[in-house]
Structures are given as C-alpha cells and as structure tokens.
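**Student:** Data file coords.tsv (TSV, C-alpha atoms) is appended below.
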chain	number	residue	atom	x	y	z
A	190	MET	CA	17.41	-26.97	-28.78
A	191	LYS	CA	14.95	-29.42	-30.32
A	192	TYR	CA	11.72	-28.37	-31.97
A	193	ARG	CA	8.28	-29.92	-32.17
A	194	GLU	CA	5.19	-29.33	-34.25
A	195	LEU	CA	2.34	-27.46	-32.63
A	196	GLY	CA	-0.21	-30.13	-33.42
A	197	GLY	CA	-1.57	-29.80	-36.93
A	198	THR	CA	-1.13	-26.02	-37.16
A	199	GLY	CA	2.03	-26.15	-39.25
A	200	ILE	CA	3.81	-24.06	-36.62
A	201	LEU	CA	7.15	-25.30	-35.29
A	202	VAL	CA	8.07	-24.39	-31.70
A	203	SER	CA	11.03	-24.91	-29.39
A	204	GLU	CA	10.18	-27.82	-27.11
A	205	VAL	CA	11.27	-25.65	-24.18
A	206	GLY	CA	9.48	-22.33	-24.28
A	207	PHE	CA	9.41	-19.13	-22.23
A	208	GLY	CA	6.58	-18.74	-19.72
A	209	ALA	CA	6.14	-14.97	-19.46
A	210	TRP	CA	3.75	-14.55	-16.52
A	211	GLY	CA	6.55	-13.55	-14.15
A	212	ILE	CA	8.16	-10.85	-16.29
A	213	GLY	CA	4.87	-8.96	-16.32
A	214	GLY	CA	5.76	-7.73	-12.86
A	215	ARG	CA	3.64	-7.11	-9.82
A	216	THR	CA	-0.13	-6.92	-10.14
A	217	ALA	CA	-2.87	-6.38	-7.56
A	218	GLY	CA	-3.18	-8.84	-4.70
A	219	THR	CA	-1.45	-12.21	-5.08
A	220	THR	CA	-1.70	-12.53	-8.86
A	221	SER	CA	1.95	-12.38	-9.90
A	222	TYR	CA	5.47	-13.26	-8.76
A	223	GLY	CA	5.95	-9.79	-7.31
A	224	ASP	CA	8.21	-6.98	-8.43
A	225	THR	CA	10.60	-7.58	-11.33
A	226	ASP	CA	13.37	-5.66	-13.08
A	227	ASP	CA	12.67	-4.90	-16.74
A	228	ALA	CA	16.37	-4.78	-17.65
A	229	GLN	CA	16.83	-8.26	-16.18
A	230	SER	CA	13.70	-9.51	-17.92
A	231	LEU	CA	14.94	-8.25	-21.29
A	232	LYS	CA	18.30	-9.94	-20.72
A	233	ALA	CA	16.43	-13.19	-20.01
A	234	LEU	CA	14.38	-12.82	-23.19
A	235	HIS	CA	17.43	-12.13	-25.34
A	236	ARG	CA	19.37	-15.00	-23.77
A	237	ALA	CA	16.46	-17.33	-24.45
A	238	LEU	CA	16.44	-16.30	-28.12
A	239	ASP	CA	20.20	-16.83	-28.33
A	240	LEU	CA	19.74	-20.37	-26.99
A	241	GLY	CA	17.11	-21.28	-29.60
A	242	ILE	CA	14.05	-20.79	-27.42
A	243	THR	CA	11.50	-19.52	-29.93
A	244	PHE	CA	8.15	-20.07	-28.19
A	245	PHE	CA	6.91	-17.30	-25.91
A	246	ASP	CA	3.67	-17.72	-23.95
A	247	THR	CA	2.11	-14.61	-22.45
A	248	SER	CA	-1.27	-13.00	-21.77
A	249	SER	CA	-2.87	-9.59	-21.83
A	250	ALA	CA	-3.37	-10.07	-18.07
A	251	TYR	CA	0.31	-10.60	-17.23
A	252	GLY	CA	1.32	-7.26	-15.82
A	253	SER	CA	-1.85	-5.93	-17.46
A	254	GLY	CA	-0.04	-6.15	-20.79
A	255	HIS	CA	3.49	-5.35	-19.61
A	256	SER	CA	4.74	-8.87	-20.36
A	257	GLU	CA	3.67	-8.38	-23.98
A	258	VAL	CA	5.46	-5.03	-24.17
A	259	LEU	CA	8.74	-6.61	-23.05
A	260	ILE	CA	8.44	-9.50	-25.52
A	261	GLY	CA	7.71	-7.00	-28.28
A	262	ARG	CA	10.88	-5.10	-27.41
A	263	ALA	CA	12.93	-8.30	-27.31
A	264	VAL	CA	11.85	-9.57	-30.72
A	265	ALA	CA	11.88	-6.21	-32.50
A	266	GLY	CA	13.80	-6.61	-35.72
A	267	GLY	CA	13.57	-10.38	-35.53
A	268	ARG	CA	9.85	-11.07	-35.22
A	269	HIS	CA	10.09	-13.99	-37.68
A	270	LYS	CA	12.36	-15.85	-35.24
A	271	ALA	CA	9.72	-15.96	-32.49
A	272	VAL	CA	6.45	-17.81	-32.07
A	273	ILE	CA	4.25	-15.71	-29.80
A	274	ALA	CA	1.17	-17.04	-28.05
A	275	THR	CA	-0.94	-14.67	-25.98
A	276	LYS	CA	-4.35	-14.88	-24.35
A	277	ALA	CA	-7.66	-13.04	-24.31
A	278	GLY	CA	-10.49	-13.03	-21.81
A	279	TYR	CA	-8.67	-11.52	-18.85
A	280	ASP	CA	-7.00	-8.16	-19.44
A	281	ASP	CA	-6.56	-7.30	-15.77
A	282	TRP	CA	-6.84	-9.59	-12.74
A	283	THR	CA	-8.86	-6.94	-10.88
A	284	LYS	CA	-11.65	-7.06	-13.47
A	285	PRO	CA	-14.04	-9.86	-14.42
A	286	PRO	CA	-13.24	-11.69	-17.66
A	287	ASP	CA	-14.96	-10.76	-20.89
A	288	PHE	CA	-15.21	-13.37	-23.63
A	289	SER	CA	-17.64	-11.52	-25.88
A	290	ALA	CA	-16.70	-11.35	-29.54
A	291	ALA	CA	-16.09	-7.61	-29.23
A	292	ALA	CA	-13.83	-8.10	-26.21
A	293	ILE	CA	-11.81	-10.86	-27.89
A	294	ARG	CA	-11.24	-8.65	-30.92
A	295	ARG	CA	-10.43	-5.63	-28.77
A	296	SER	CA	-7.98	-7.65	-26.68
A	297	THR	CA	-6.30	-9.02	-29.81
A	298	GLU	CA	-5.83	-5.57	-31.28
A	299	ALA	CA	-4.37	-4.28	-27.99
A	300	SER	CA	-1.98	-7.25	-27.79
A	301	LEU	CA	-0.80	-6.66	-31.35
A	302	LYS	CA	-0.04	-3.04	-30.52
A	303	ARG	CA	1.85	-3.88	-27.31
A	304	LEU	CA	3.85	-6.61	-29.06
A	305	GLY	CA	4.64	-4.32	-31.99
A	306	THR	CA	3.50	-6.89	-34.55
A	307	ASP	CA	0.74	-7.30	-37.10
A	308	TYR	CA	0.01	-10.94	-36.28
A	309	LEU	CA	-0.13	-13.38	-33.38
A	310	ASP	CA	1.03	-16.93	-33.91
A	311	VAL	CA	-1.49	-18.21	-31.38
A	312	LEU	CA	-4.42	-16.55	-29.60
A	313	GLN	CA	-5.63	-18.54	-26.61
A	314	LEU	CA	-8.87	-18.08	-24.72
A	315	HIS	CA	-7.83	-17.68	-21.08
A	316	ASN	CA	-9.78	-20.05	-18.77
A	317	PRO	CA	-13.04	-19.75	-20.73
A	318	PRO	CA	-16.25	-21.19	-19.23
A	319	SER	CA	-18.22	-23.90	-21.03
A	320	GLU	CA	-20.74	-21.52	-22.54
A	321	VAL	CA	-17.97	-19.57	-24.27
A	322	LEU	CA	-16.58	-22.71	-25.87
A	323	ALA	CA	-20.00	-23.56	-27.27
A	324	ALA	CA	-20.93	-20.04	-28.38
A	325	GLY	CA	-21.30	-19.33	-32.05
A	326	GLU	CA	-19.96	-15.79	-31.68
A	327	THR	CA	-16.71	-17.20	-30.28
A	328	THR	CA	-16.24	-19.38	-33.34
A	329	GLU	CA	-17.10	-16.51	-35.64
A	330	VAL	CA	-14.68	-13.97	-34.16
A	331	LEU	CA	-11.82	-16.48	-34.18
A	332	ALA	CA	-12.58	-17.36	-37.80
A	333	SER	CA	-12.59	-13.67	-38.70
A	334	LEU	CA	-9.24	-13.05	-37.01
A	335	LEU	CA	-7.78	-16.03	-38.87
A	336	ALA	CA	-9.16	-14.82	-42.21
A	337	GLU	CA	-7.75	-11.34	-41.61
A	338	GLY	CA	-4.30	-12.77	-40.88
A	339	LYS	CA	-4.23	-11.29	-37.39
A	340	ILE	CA	-3.76	-14.76	-35.86
A	341	ARG	CA	-2.19	-17.89	-37.34
A	342	SER	CA	-4.00	-20.26	-35.00
A	343	TRP	CA	-5.98	-20.31	-31.79
A	344	GLY	CA	-6.34	-22.42	-28.70
A	345	VAL	CA	-7.55	-22.63	-25.12
A	346	SER	CA	-5.49	-22.15	-21.99
A	347	ALA	CA	-7.71	-24.17	-19.68
A	348	LYS	CA	-8.15	-23.82	-15.94
A	349	ASN	CA	-7.53	-27.55	-15.54
A	350	PRO	CA	-7.12	-30.71	-17.66
A	351	ALA	CA	-10.86	-31.37	-17.64
A	352	GLY	CA	-11.39	-27.93	-19.14
A	353	ALA	CA	-8.84	-28.72	-21.84
A	354	VAL	CA	-10.65	-31.96	-22.72
A	355	GLU	CA	-13.87	-29.98	-22.98
A	356	ALA	CA	-12.18	-27.45	-25.27
A	357	LEU	CA	-11.12	-30.26	-27.58
A	358	ARG	CA	-14.50	-31.96	-27.65
A	359	VAL	CA	-16.84	-28.96	-27.64
A	360	ALA	CA	-14.88	-26.36	-29.58
A	361	GLY	CA	-12.47	-28.53	-31.55
A	362	ALA	CA	-9.58	-26.44	-30.24
A	363	PRO	CA	-6.41	-27.14	-32.24
A	364	ILE	CA	-4.24	-26.19	-29.24
A	365	VAL	CA	-4.82	-26.63	-25.52
A	366	GLN	CA	-2.78	-25.68	-22.49
A	367	ALA	CA	-2.95	-26.95	-18.90
A	368	ASN	CA	-0.81	-27.60	-15.83
A	369	PHE	CA	1.54	-30.58	-16.06
A	370	ASN	CA	4.41	-31.44	-13.74
A	371	MET	CA	5.70	-34.21	-11.50
A	372	MET	CA	3.18	-33.23	-8.81
A	373	ASP	CA	0.28	-32.75	-11.21
A	374	VAL	CA	-0.08	-35.63	-13.69
A	375	ARG	CA	-3.80	-35.26	-14.33
A	376	VAL	CA	-3.17	-34.74	-18.06
A	377	VAL	CA	-1.96	-38.35	-18.07
A	378	THR	CA	-4.36	-39.96	-15.60
A	379	ASP	CA	-7.48	-38.10	-16.79
A	380	GLY	CA	-6.87	-38.88	-20.46
A	381	LEU	CA	-6.07	-35.41	-21.81
A	382	LEU	CA	-2.86	-36.41	-23.57
A	383	GLU	CA	-4.63	-39.39	-25.09
A	384	GLU	CA	-7.41	-37.13	-26.41
A	385	VAL	CA	-4.85	-34.65	-27.76
A	386	ALA	CA	-3.04	-37.42	-29.63
A	387	ARG	CA	-6.27	-38.88	-30.99
A	388	ARG	CA	-7.29	-35.52	-32.45
A	389	GLY	CA	-3.84	-34.53	-33.71
A	390	ALA	CA	-4.01	-31.41	-31.54
A	391	ALA	CA	-1.24	-29.64	-29.66
A	392	PHE	CA	-0.65	-29.59	-25.92
A	393	ILE	CA	1.32	-26.89	-24.09
A	394	ALA	CA	2.52	-27.87	-20.62
A	395	ARG	CA	2.57	-25.00	-18.14
A	396	THR	CA	3.84	-24.91	-14.52
A	397	PRO	CA	6.40	-27.71	-15.16
A	398	LEU	CA	8.26	-26.69	-11.99
A	399	CYS	CA	5.03	-26.41	-9.94
A	400	PHE	CA	5.56	-22.71	-9.21
A	401	GLY	CA	9.20	-23.33	-8.33
A	402	PHE	CA	8.63	-26.06	-5.75
A	403	LEU	CA	10.13	-28.76	-7.97
A	404	THR	CA	13.46	-26.93	-7.89
A	405	GLY	CA	13.80	-28.30	-4.36
A	406	THR	CA	15.09	-24.94	-3.16
A	407	ILE	CA	11.90	-23.85	-1.36
A	408	ASP	CA	11.57	-24.95	2.25
A	409	ARG	CA	9.52	-24.02	5.31
A	410	SER	CA	11.72	-21.01	6.00
A	411	THR	CA	11.15	-19.49	2.55
A	412	ALA	CA	9.47	-16.08	2.69
A	413	PHE	CA	7.69	-15.02	-0.49
A	414	ALA	CA	7.87	-11.39	-1.59
A	415	ASP	CA	4.93	-9.02	-1.42
A	416	GLY	CA	2.54	-9.74	-4.27
A	417	ASP	CA	3.88	-13.25	-4.91
A	418	HIS	CA	0.88	-15.48	-5.61
A	419	ARG	CA	2.47	-18.30	-3.61
A	420	ALA	CA	1.89	-16.27	-0.45
A	421	GLY	CA	-1.82	-16.76	-1.08
A	422	TRP	CA	-1.72	-20.56	-0.80
A	423	SER	CA	-2.54	-22.27	2.47
A	424	ARG	CA	0.29	-23.40	4.75
A	425	ALA	CA	-0.93	-26.96	4.32
A	426	GLN	CA	-0.62	-26.74	0.53
A	427	LEU	CA	2.83	-25.18	0.67
A	428	ASP	CA	4.09	-27.87	3.06
A	429	ASN	CA	2.55	-30.59	0.89
A	430	TRP	CA	4.46	-29.32	-2.15
A	431	ILE	CA	7.70	-28.89	-0.19
A	432	ASP	CA	7.56	-32.45	1.14
A	433	GLY	CA	6.31	-33.88	-2.15
A	434	ALA	CA	9.05	-32.21	-4.15
A	435	LYS	CA	11.67	-33.66	-1.82
A	436	ASP	CA	10.31	-37.19	-2.39
A	437	LEU	CA	10.06	-36.80	-6.16
A	438	ILE	CA	13.50	-35.25	-6.56
A	439	ALA	CA	14.97	-38.17	-4.61
A	440	ALA	CA	13.10	-40.65	-6.81
A	441	VAL	CA	14.27	-39.16	-10.12
A	442	PRO	CA	17.05	-38.98	-8.72
A	443	ALA	CA	18.47	-35.46	-8.62
A	444	THR	CA	19.80	-32.88	-6.21
A	445	PRO	CA	17.95	-29.64	-5.42
A	446	GLY	CA	18.65	-26.78	-7.78
A	447	ARG	CA	19.83	-27.16	-11.35
A	448	GLN	CA	19.58	-30.96	-11.51
A	449	ALA	CA	16.06	-30.90	-10.11
A	450	VAL	CA	14.98	-28.29	-12.68
A	451	LEU	CA	16.41	-30.33	-15.53
A	452	SER	CA	14.71	-33.51	-14.32
A	453	ALA	CA	11.34	-31.78	-13.92
A	454	LEU	CA	11.46	-30.36	-17.44
A	455	ARG	CA	12.72	-33.62	-18.93
A	456	PHE	CA	9.79	-35.40	-17.24
A	457	CYS	CA	7.31	-33.31	-19.24
A	458	LEU	CA	9.33	-33.63	-22.44
A	459	SER	CA	9.32	-37.43	-22.09
A	460	PHE	CA	5.72	-37.39	-23.36
A	461	GLU	CA	5.67	-37.03	-27.15
A	462	THR	CA	2.23	-35.42	-27.09
A	463	VAL	CA	3.70	-32.38	-25.36
A	464	SER	CA	4.45	-29.76	-28.02
A	465	SER	CA	6.25	-27.39	-25.68
A	466	VAL	CA	6.88	-26.99	-21.96
A	467	ILE	CA	6.84	-23.38	-20.74
A	468	PRO	CA	8.70	-22.82	-17.47
A	469	GLY	CA	8.66	-19.29	-16.15
A	470	ILE	CA	11.92	-17.43	-16.77
A	471	LEU	CA	13.04	-14.30	-14.92
A	472	HIS	CA	16.82	-14.40	-15.32
A	473	PRO	CA	19.28	-15.32	-18.11
A	474	ALA	CA	20.68	-18.18	-16.02
A	475	GLU	CA	17.24	-19.75	-15.85
A	476	ALA	CA	17.00	-19.65	-19.64
A	477	GLU	CA	20.34	-21.43	-19.85
A	478	THR	CA	19.34	-24.21	-17.46
A	479	ASN	CA	15.93	-24.69	-19.08
A	480	ALA	CA	17.40	-24.89	-22.58
A	481	GLU	CA	19.75	-27.65	-21.45
A	482	ALA	CA	16.76	-29.88	-20.66
A	483	SER	CA	16.14	-30.17	-24.39
A	484	GLU	CA	19.73	-31.28	-24.98
A	485	GLN	CA	19.54	-33.96	-22.29
A	486	GLY	CA	16.39	-35.55	-23.70
A	487	PRO	CA	13.66	-37.61	-22.03
A	488	LEU	CA	13.91	-39.49	-18.75
A	489	ARG	CA	14.15	-43.26	-18.74
A	490	PRO	CA	10.81	-45.11	-18.75
A	491	GLU	CA	11.43	-46.65	-15.32
A	492	ILE	CA	11.88	-43.18	-13.82
A	493	LEU	CA	8.61	-41.99	-15.37
A	494	GLU	CA	6.92	-45.00	-13.81
A	495	LYS	CA	8.34	-44.09	-10.40
A	496	VAL	CA	6.95	-40.56	-10.64
A	497	LEU	CA	3.52	-41.77	-11.72
A	498	ALA	CA	3.53	-44.39	-8.95
A	499	ILE	CA	4.19	-41.72	-6.32
A	500	ASN	CA	1.30	-39.67	-7.69
A	501	ALA	CA	-0.99	-42.69	-7.53
A	502	LYS	CA	-0.35	-42.98	-3.79
A	503	ARG	CA	-0.27	-39.31	-2.85
A	504	ASP	CA	-2.59	-36.32	-3.26
A	505	PHE	CA	-0.55	-33.21	-3.96
A	506	PHE	CA	-3.51	-30.83	-3.79
A	507	VAL	CA	-4.94	-29.22	-0.66
A	508	SER	CA	-6.35	-25.87	-1.80
A	509	PRO	CA	-7.78	-24.57	-5.10
A	510	ALA	CA	-5.57	-23.19	-7.89
A	511	ARG	CA	-4.74	-19.55	-8.22
A	512	ALA	CA	-4.56	-17.52	-11.43
A	513	SER	CA	-1.97	-18.71	-13.97
Turn the structure described in the file into structure tokens.

**Tutor:**
Amino acid sequence: MKYRELGGTGILVSEVGFGAWGIGGRTAGTTSYGDTDDAQSLKALHRALDLGITFFDTSSAYGSGHSEVLIGRAVAGGRHKAVIATKAGYDDWTKPPDFSAAAIRRSTEASLKRLGTDYLDVLQLHNPPSEVLAAGETTEVLASLLAEGKIRSWGVSAKNPAGAVEALRVAGAPIVQANFNMMDVRVVTDGLLEEVARRGAAFIARTPLCFGFLTGTIDRSTAFADGDHRAGWSRAQLDNWIDGAKDLIAAVPATPGRQAVLSALRFCLSFETVSSVIPGILHPAEAETNAEASEQGPLRPEILEKVLAINAKRDFFVSPARAS
C-alpha cells in the first residue's frame, strides 16, 4: 500500500481508503445499500487494516451512526493506526440537515462516543449549502474543535464538484470530497483538481466504482435488494451506466469483475492531486482487490486520454444524484 499526504494537513493516508457508507446497514427508504451483516463488516474492516488501508471515511448518517460504531470496534486498541474522517450535518436521512454551530458540536461529540475515541482526524461538513460555508459561526465552531484537540483537521464533503470548488474559495477548506470515477470526470473538466492543486488542499475521491457499475457485473437483469439506493434511480439512468461501463471497461481494457475494479481505482489514482480514493467495502475480498490497485500503480497516459475522450462524447447522467 502506498500513502499520500492529505493536502497540507500533515496527515498521511493510504491512497486506497475504506468507504464506510455500506457497512452502516439499511436505513429508511433508498438511502443505503440495504441490509448488511456486522460480523462480515468487521472482518472487512480488519482485513483492510491488515492490508495497510488506514483511511476510513464515514458519516454520522451512515446507518444513523452504526458505521461509526463498527469502525470504533475495529480500531479499538490500535486507534493510532487509523485515520478516521466522519461527517456532520446529516445525522439521519429521515431528518433535515442541521449545520448550526450547536449541531456541529453535538454531532462531533456523538461521533467521538460511537467511535470510542477522543479525537477525529477529519470532520467534514456533509453537503453544506452556500450560506453555511460563508457563516461566521461555522468557522468559529470548527476553530474551537481544532483548539480543543477534538479534530485534527476539517473539510467539506460536497454534493458535487462545483460545491467543492465553492468550499475551497469561500471557506478555504483544507480538504474537499466529491464524486470521481470513469463515468464522472467533472473534477477534471470543471477545474476542481486544478483548484485543489493551486491551493495545496486535499481531494478525496468517492464513488470510484460508480456505485458498483464500473465493476461490469451489473446488467439489466440485476435486481437490487430492498433499501438499496440504486433501486431509486430511473431505468434510463441505470441502463446508461450499464452500457457506459461496458464501453469504458473495453477501452481500458479490462474484463468485468476484478480487473475492472482495479482499472477503475487505478484511473482515479493516476491523478496526483487525489489524496485517497474511497471505494465502498462490504467484504474482506473487496478489501483485498482494492488494496491491490495501489500496488499496480497508475494507468498509462494514453488510457487516461481514452477515458476522458469517451466522457467528452457521452453524457453519463440522466437523473439527479442520491444521498452519498
């Protein structure tokens, strides 16, 4: 496993991290990946740690805090080996977000308790609106949490790349997070990575497998489990991703399954501005495959150009994004 600096924070993270939305388990409506098995999730977390994956990205909203509880159990006795980033703003998908200073502090304290730790490496604001980024009380509460040693750094997990650019420019966020994968290259085309590099900030790439579609193993016969957020997307969007993934996997080139996963992760890691890529992990075998992407290194420049060229000719979006 290779490691990269998290911008100018002084924090070192595994370049392949652990996206912990899925292990939170089923939440109301289509806001999760459905039911999960805690024993399996803990095995995945421990296997990830064994493989050198040190960066864990979660949220108080993932399983309404259950994802944090599992991470806390996994790192107990070895907290210093893990870099934990969680989020505040949404504590439960059934409730409206609250970005008031009191709510951010309350959410932070609750996350610390669930994780069984006295500090967070990174606290991210979860899809905050513009007015939150510009609010003085937001700056003040984050500064207080830093001064108290309850967080080592902070950032913004943005709804989209444009929101991440705004977080950099308006709030001076030292860390930003947004979607980035072979079917969503807006961080490149819209200038986010360029802005991150210019400011010496950190960028965390989420959804590198585009919700599993870039594995190439999802087709038109795939039935998503109850509660799986992918069941909430339109048929047109699902078919667009299925067909698009097939074209991109062929262009890389790779075969569906393990090779496709490795290529998709290596695509994101080919951009030096990416501090860490955080694929979702539910099983130990997924941790093993994902970790191998770091060993294999970046894709060749001509392959990157092929992927970007396909995106220039094709629109991979039909319907609006769901929670992530």

**Student:** Could the residues of stretch 192-267 of chain A that have an atom at most 10 Å from stretch 364-383 of chain A be listed as a tab-separated table, each with its closest atom pair and the distance in Å to one decimal, counting all atoms listed in the file and ordered by chain and ascending residue number?

**Tutor:**
residue	atom	partner	partner_atom	distance
A:Leu195	CA	A:Ile364	CA	7.5
A:Gly196	CA	A:Ile364	CA	7.0
A:Gly197	CA	A:Ile364	CA	8.9
A:Thr198	CA	A:Ile364	CA	8.5

**Student:** Can you tell me, as JSON, numbers by chain, what residues are no more than 8 Å from stretch 334-341 of chain A when counting all atoms listed in the file, ignoring any on the same chain fewer than 5 positions away?

**Tutor:** {"A": [294, 307, 308, 309, 310, 311, 312]}

**Student:** Considering only C-alpha atoms, can you say which of A:Ile242, A:Leu437, A:Leu234, A:Ala209 comes closest to A:His472?

**Tutor:**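 Looking only at the distances to A:His472, the closest residue turns out to be A:Leu234.
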
**Student:** Report, in Å to a single decimal, how far apart atom CA of A:Ala412 and atom CA of A:Asp432 are.

**Tutor:** 16.6 Å

**Student:** Any idea what's packed within 10 Å of A:Ala292, counting all atoms listed in the file, ignoring anything in its chain fewer than 6 positions away? Could you give it as number ranges by chain?

**Tutor:** A: 277-280, 286, 298, 330

**Student:** Restricting the calculation to all atoms listed in the file, which member of A:Arg419, A:Lys284, A:Arg388, A:Arg303 is positioned closest to A:Leu259?

**Tutor:**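 The closest residue to A:Leu259 is A:Arg303.
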
**Student:** A:Ile293, A:Ala501, A:Ala449, A:Leu304: which is nearest A:Ile273, counting only C-alpha atoms?

**Tutor:**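 With only C-alpha atoms as the atom set, the closest residue is A:Leu304.
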
**Student:** Atom CA of A:Leu497 to atom CA of A:Phe207: how many Å, to one decimal?

**Tutor:**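 So the two atoms, atom CA of A:Leu497 and atom CA of A:Phe207, lie 25.6 Å apart.
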
**Student:** Rank A:Ala274, A:Gly405, A:Ser464, A:Asp415 by their smallest atom-to-atom distance to A:Ser342, using all atoms listed in the file, and report the top residue only.

**Tutor:** A:Ala274

**Student:** Which of these residues is nearest to A:Gln229, using all atoms listed in the file: A:Gly214, A:Thr444, A:Glu194, A:Lys302?

**Tutor:**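 The answer is A:Gly214, which sits nearest to A:Gln229.
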
**Student:** Would you mind reading off the distance between atom CA of A:Glu461 and atom CA of A:Asn429, one decimal, in Å?

**Tutor:**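 Between these atoms lies a distance of 28.9 Å.
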
**Student:** Could you tell me which of A:Ala233, A:Ala353, A:Leu314, A:Val202 comes closest to A:Thr478 if we count all atoms listed in the file?

**Tutor:**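 Of A:Ala233, A:Ala353, A:Leu314, A:Val202, the one nearest A:Thr478, counting all atoms listed in the file, is A:Ala233.
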